[in-house]
Structures are given as structure tokens and as C-alpha cells.
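For reference, protein35.cif (mmCIF, C-alpha atoms, pLDDT in the B column; chains and numbers go by the auth columns):
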```cif
data_final
loop_
_atom_site.group_PDB
_atom_site.id
_atom_site.type_symbol
_atom_site.label_atom_id
_atom_site.label_comp_id
_atom_site.label_asym_id
_atom_site.label_seq_id
_atom_site.Cartn_x
_atom_site.Cartn_y
_atom_site.Cartn_z
_atom_site.B_iso_or_equiv
_atom_site.auth_seq_id
_atom_site.auth_asym_id
ATOM 1 C CA MET A 1 131.855 97.338 -62.249 90.00 250 A
ATOM 2 C CA LEU A 2 128.833 95.771 -63.900 91.00 251 A
ATOM 3 C CA TRP A 3 128.247 92.362 -65.433 94.00 252 A
ATOM 4 C CA THR A 4 125.085 90.944 -66.996 90.00 253 A
ATOM 5 C CA VAL A 5 123.863 87.575 -65.710 89.00 254 A
ATOM 6 C CA ASP A 6 123.018 85.052 -68.445 86.00 255 A
ATOM 7 C CA GLN A 7 122.187 82.094 -66.183 88.00 256 A
ATOM 8 C CA SER A 8 121.399 81.707 -62.498 89.00 257 A
ATOM 9 C CA ARG A 9 119.637 79.407 -60.057 89.00 258 A
ATOM 10 C CA ALA A 10 118.406 79.669 -56.504 91.00 259 A
ATOM 11 C CA THR A 11 116.913 77.306 -53.946 96.00 260 A
ATOM 12 C CA ILE A 12 115.368 77.815 -50.517 96.00 261 A
ATOM 13 C CA ASP A 13 115.197 74.754 -48.264 97.00 262 A
ATOM 14 C CA GLY A 14 115.773 72.575 -51.334 96.00 263 A
ATOM 15 C CA VAL A 15 112.951 74.188 -53.375 97.00 264 A
ATOM 16 C CA ASP A 16 114.055 75.462 -56.807 96.00 265 A
ATOM 17 C CA LEU A 17 112.861 79.051 -57.338 90.00 266 A
ATOM 18 C CA GLY A 18 112.951 78.702 -61.128 88.00 267 A
ATOM 19 C CA PRO A 19 114.840 80.662 -63.750 84.00 268 A
ATOM 20 C CA PRO A 20 115.442 84.390 -63.384 83.00 269 A
ATOM 21 C CA GLY A 21 113.182 86.659 -65.391 85.00 270 A
ATOM 22 C CA PRO A 22 111.277 89.923 -65.333 88.00 271 A
ATOM 23 C CA LEU A 23 108.436 90.453 -62.888 88.00 272 A
ATOM 24 C CA PRO A 24 104.921 91.193 -64.187 93.00 273 A
ATOM 25 C CA GLU A 25 105.255 94.637 -62.541 95.00 274 A
ATOM 26 C CA GLN A 26 108.667 96.266 -62.133 94.00 275 A
ATOM 27 C CA ALA A 27 109.715 96.607 -58.477 92.00 276 A
ATOM 28 C CA HIS A 28 111.326 99.708 -56.992 95.00 277 A
ATOM 29 C CA LEU A 29 112.930 100.951 -53.786 94.00 278 A
ATOM 30 C CA GLY A 30 111.921 104.587 -53.411 95.00 279 A
ATOM 31 C CA ASP A 31 113.019 106.366 -56.599 95.00 280 A
ATOM 32 C CA PHE A 32 115.290 103.473 -57.690 91.00 281 A
ATOM 33 C CA TRP A 33 113.622 101.115 -60.173 94.00 282 A
ATOM 34 C CA ILE A 34 115.150 97.625 -59.930 90.00 283 A
ATOM 35 C CA PRO A 35 116.364 96.383 -63.344 89.00 284 A
ATOM 36 C CA GLN A 36 114.242 93.698 -65.030 90.00 285 A
ATOM 37 C CA LYS A 37 117.286 91.745 -66.251 88.00 286 A
ATOM 38 C CA GLY A 38 120.025 89.999 -64.311 87.00 287 A
ATOM 39 C CA MET A 39 122.885 92.262 -63.280 88.00 288 A
ATOM 40 C CA PHE A 40 125.793 91.817 -60.885 89.00 289 A
ATOM 41 C CA VAL A 41 127.335 95.044 -59.584 89.00 290 A
ATOM 42 C CA VAL A 42 130.264 95.813 -57.322 95.00 291 A
ATOM 43 C CA GLY A 43 130.363 99.335 -55.940 92.00 292 A
ATOM 44 C CA GLU A 44 129.626 101.628 -53.026 93.00 293 A
ATOM 45 C CA ALA A 45 126.531 103.562 -52.025 89.00 294 A
ATOM 46 C CA TYR A 46 125.771 106.043 -49.281 92.00 295 A
ATOM 47 C CA PHE A 47 122.324 106.894 -47.976 90.00 296 A
ATOM 48 C CA GLU A 48 121.344 109.933 -45.982 92.00 297 A
ATOM 49 C CA GLY A 49 118.165 110.057 -43.965 84.00 298 A
#
```

Using C-alpha cells, write down the structure that the file contains.
Amino acid sequence: MLWTVDQSRATIDGVDLGPPGPLPEQAHLGDFWIPQKGMFVVGEAYFEG
């Protein structure tokens, strides 16, 4: 299941991290490019080394 995130907020030790938004350079984990917009996903994944 996949939902888009329209609004969000986050704090660390009481410090507001600001609104969500795209990074200047898109981040990735190996071959997986992390989306530049807010998404909430529920699912399963399996990794083999």
C-alpha cells in the first residue's frame, strides 16, 4: 500500500527540522533511488547478501 504525504513535521530534542522537501541531490541506497516526495509505504522486503 502506498500513500503520498502532503504535510509532515519532525523534531529532534525540541529542534524543528523544517518542512519536508526534495534534497539538492537525490539520495540512494545502492541501486534504489529514494523518492524526492513524501511517501508512506507498508510492505515487505527481503535482502540477500

| Residue nearest Gly270 (chain A) among A:Lys286, A:Thr253, A:Gly298, A:Val291 (counting only C-alpha atoms) |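 With only C-alpha atoms as the atom set, the closest residue is A:Lys286.
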
TODO: Carefully work through the PyMOL selection byres ((chain A and resi 272) around 12) for this structure and note down the residues it includes, as JSON, numbers by chain.
DONE: {"A": [268, 269, 270, 271, 273, 274, 275, 276, 277, 283, 284, 285, 286, 287]}

Please write out, as JSON, where the centre of an axis-aligned box around all listed atoms of region 283-297 of chain A lies and how long its edges are, in Å to one decimal, after adding 4 Å on each side.
```
{"center_x": 122.3, "center_y": 100.0, "center_z": -56.1, "size_x": 24.1, "size_y": 27.9, "size_z": 28.3}
```

Residue with the minimum atom-to-atom distance to Met250 (chain A), picked from A:Asp262, A:Phe281, A:Phe289, A:Gly267 with only C-alpha atoms counted, is A:Phe289

Taken to one decimal, the CA of Asp265 (chain A)-CA of Trp252 (chain A) distance is 23.7 Å

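If you look at CA of Val254 (chain A) and CA of Leu266 (chain A), they are 16.2 Å away from each other.
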
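One distance worth recording is that between CA of Glu293 (chain A) and CA of Arg258 (chain A), which is 25.4 Å.
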
As an mmCIF file, keeping the file's coordinate frame, the rebuilt region 261-288 of chain A with N, CA and C atoms:
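Wrote it out as part-v1.cif, contents follow:
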```
data_model
loop_
_atom_site.group_PDB
_atom_site.id
_atom_site.type_symbol
_atom_site.label_atom_id
_atom_site.label_comp_id
_atom_site.auth_asym_id
_atom_site.auth_seq_id
_atom_site.Cartn_x
_atom_site.Cartn_y
_atom_site.Cartn_z
ATOM 1 N N ILE A 261 115.616 77.537 -51.934
ATOM 2 C CA ILE A 261 115.368 77.815 -50.517
ATOM 3 C C ILE A 261 114.842 76.531 -49.905
ATOM 4 N N ASP A 262 115.555 76.024 -48.904
ATOM 5 C CA ASP A 262 115.197 74.754 -48.264
ATOM 6 C C ASP A 262 114.986 73.652 -49.292
ATOM 7 N N GLY A 263 115.844 73.618 -50.318
ATOM 8 C CA GLY A 263 115.773 72.575 -51.334
ATOM 9 C C GLY A 263 114.734 72.799 -52.419
ATOM 10 N N VAL A 264 113.973 73.892 -52.364
ATOM 11 C CA VAL A 264 112.951 74.188 -53.375
ATOM 12 C C VAL A 264 113.546 75.115 -54.425
ATOM 13 N N ASP A 265 113.537 74.667 -55.695
ATOM 14 C CA ASP A 265 114.055 75.462 -56.807
ATOM 15 C C ASP A 265 113.122 76.639 -57.069
ATOM 16 N N LEU A 266 113.665 77.855 -57.115
ATOM 17 C CA LEU A 266 112.861 79.051 -57.338
ATOM 18 C C LEU A 266 112.624 79.343 -58.816
ATOM 19 N N GLY A 267 113.172 78.515 -59.697
ATOM 20 C CA GLY A 267 112.951 78.702 -61.128
ATOM 21 C C GLY A 267 113.958 79.656 -61.743
ATOM 22 N N PRO A 268 113.871 79.811 -63.053
ATOM 23 C CA PRO A 268 114.840 80.662 -63.750
ATOM 24 C C PRO A 268 114.587 82.144 -63.466
ATOM 25 N N PRO A 269 115.643 82.956 -63.557
ATOM 26 C CA PRO A 269 115.442 84.390 -63.384
ATOM 27 C C PRO A 269 114.679 84.966 -64.569
ATOM 28 N N GLY A 270 113.929 86.008 -64.321
ATOM 29 C CA GLY A 270 113.182 86.659 -65.391
ATOM 30 C C GLY A 270 112.487 87.892 -64.866
ATOM 31 N N PRO A 271 111.945 88.695 -65.760
ATOM 32 C CA PRO A 271 111.277 89.923 -65.333
ATOM 33 C C PRO A 271 109.997 89.643 -64.558
ATOM 34 N N LEU A 272 109.685 90.534 -63.645
ATOM 35 C CA LEU A 272 108.436 90.453 -62.888
ATOM 36 C C LEU A 272 107.296 91.026 -63.725
ATOM 37 N N PRO A 273 106.054 90.619 -63.451
ATOM 38 C CA PRO A 273 104.921 91.193 -64.187
ATOM 39 C C PRO A 273 104.842 92.717 -64.010
ATOM 40 N N GLU A 274 105.223 93.198 -62.811
ATOM 41 C CA GLU A 274 105.255 94.637 -62.541
ATOM 42 C C GLU A 274 106.625 94.964 -61.970
ATOM 43 N N GLN A 275 107.308 95.935 -62.553
ATOM 44 C CA GLN A 275 108.667 96.266 -62.133
ATOM 45 C C GLN A 275 108.685 96.784 -60.699
ATOM 46 N N ALA A 276 109.587 96.216 -59.885
ATOM 47 C CA ALA A 276 109.715 96.607 -58.477
ATOM 48 C C ALA A 276 110.624 97.826 -58.341
ATOM 49 N N HIS A 277 110.454 98.561 -57.243
ATOM 50 C CA HIS A 277 111.326 99.708 -56.992
ATOM 51 C C HIS A 277 111.516 99.908 -55.496
ATOM 52 N N LEU A 278 112.618 100.552 -55.159
ATOM 53 C CA LEU A 278 112.930 100.951 -53.786
ATOM 54 C C LEU A 278 113.014 102.471 -53.790
ATOM 55 N N GLY A 279 111.967 103.128 -53.339
ATOM 56 C CA GLY A 279 111.921 104.587 -53.411
ATOM 57 C C GLY A 279 111.931 105.033 -54.863
ATOM 58 N N ASP A 280 112.896 105.878 -55.222
ATOM 59 C CA ASP A 280 113.019 106.366 -56.599
ATOM 60 C C ASP A 280 113.849 105.445 -57.483
ATOM 61 N N PHE A 281 114.438 104.383 -56.913
ATOM 62 C CA PHE A 281 115.290 103.473 -57.690
ATOM 63 C C PHE A 281 114.464 102.309 -58.213
ATOM 64 N N TRP A 282 114.350 102.215 -59.538
ATOM 65 C CA TRP A 282 113.622 101.115 -60.173
ATOM 66 C C TRP A 282 114.585 99.955 -60.397
ATOM 67 N N ILE A 283 114.277 98.789 -59.846
ATOM 68 C CA ILE A 283 115.150 97.625 -59.930
ATOM 69 C C ILE A 283 115.127 97.085 -61.360
ATOM 70 N N PRO A 284 116.312 96.859 -61.958
ATOM 71 C CA PRO A 284 116.364 96.383 -63.344
ATOM 72 C C PRO A 284 115.601 95.074 -63.530
ATOM 73 N N GLN A 285 115.024 94.891 -64.709
ATOM 74 C CA GLN A 285 114.242 93.698 -65.030
ATOM 75 C C GLN A 285 115.099 92.579 -65.614
ATOM 76 N N LYS A 286 116.408 92.806 -65.771
ATOM 77 C CA LYS A 286 117.286 91.745 -66.251
ATOM 78 C C LYS A 286 118.382 91.515 -65.222
ATOM 79 N N GLY A 287 119.006 90.350 -65.289
ATOM 80 C CA GLY A 287 120.025 89.999 -64.311
ATOM 81 C C GLY A 287 121.269 90.854 -64.430
ATOM 82 N N MET A 288 121.676 91.451 -63.318
ATOM 83 C CA MET A 288 122.885 92.262 -63.280
ATOM 84 C C MET A 288 123.623 91.977 -61.981
#
```
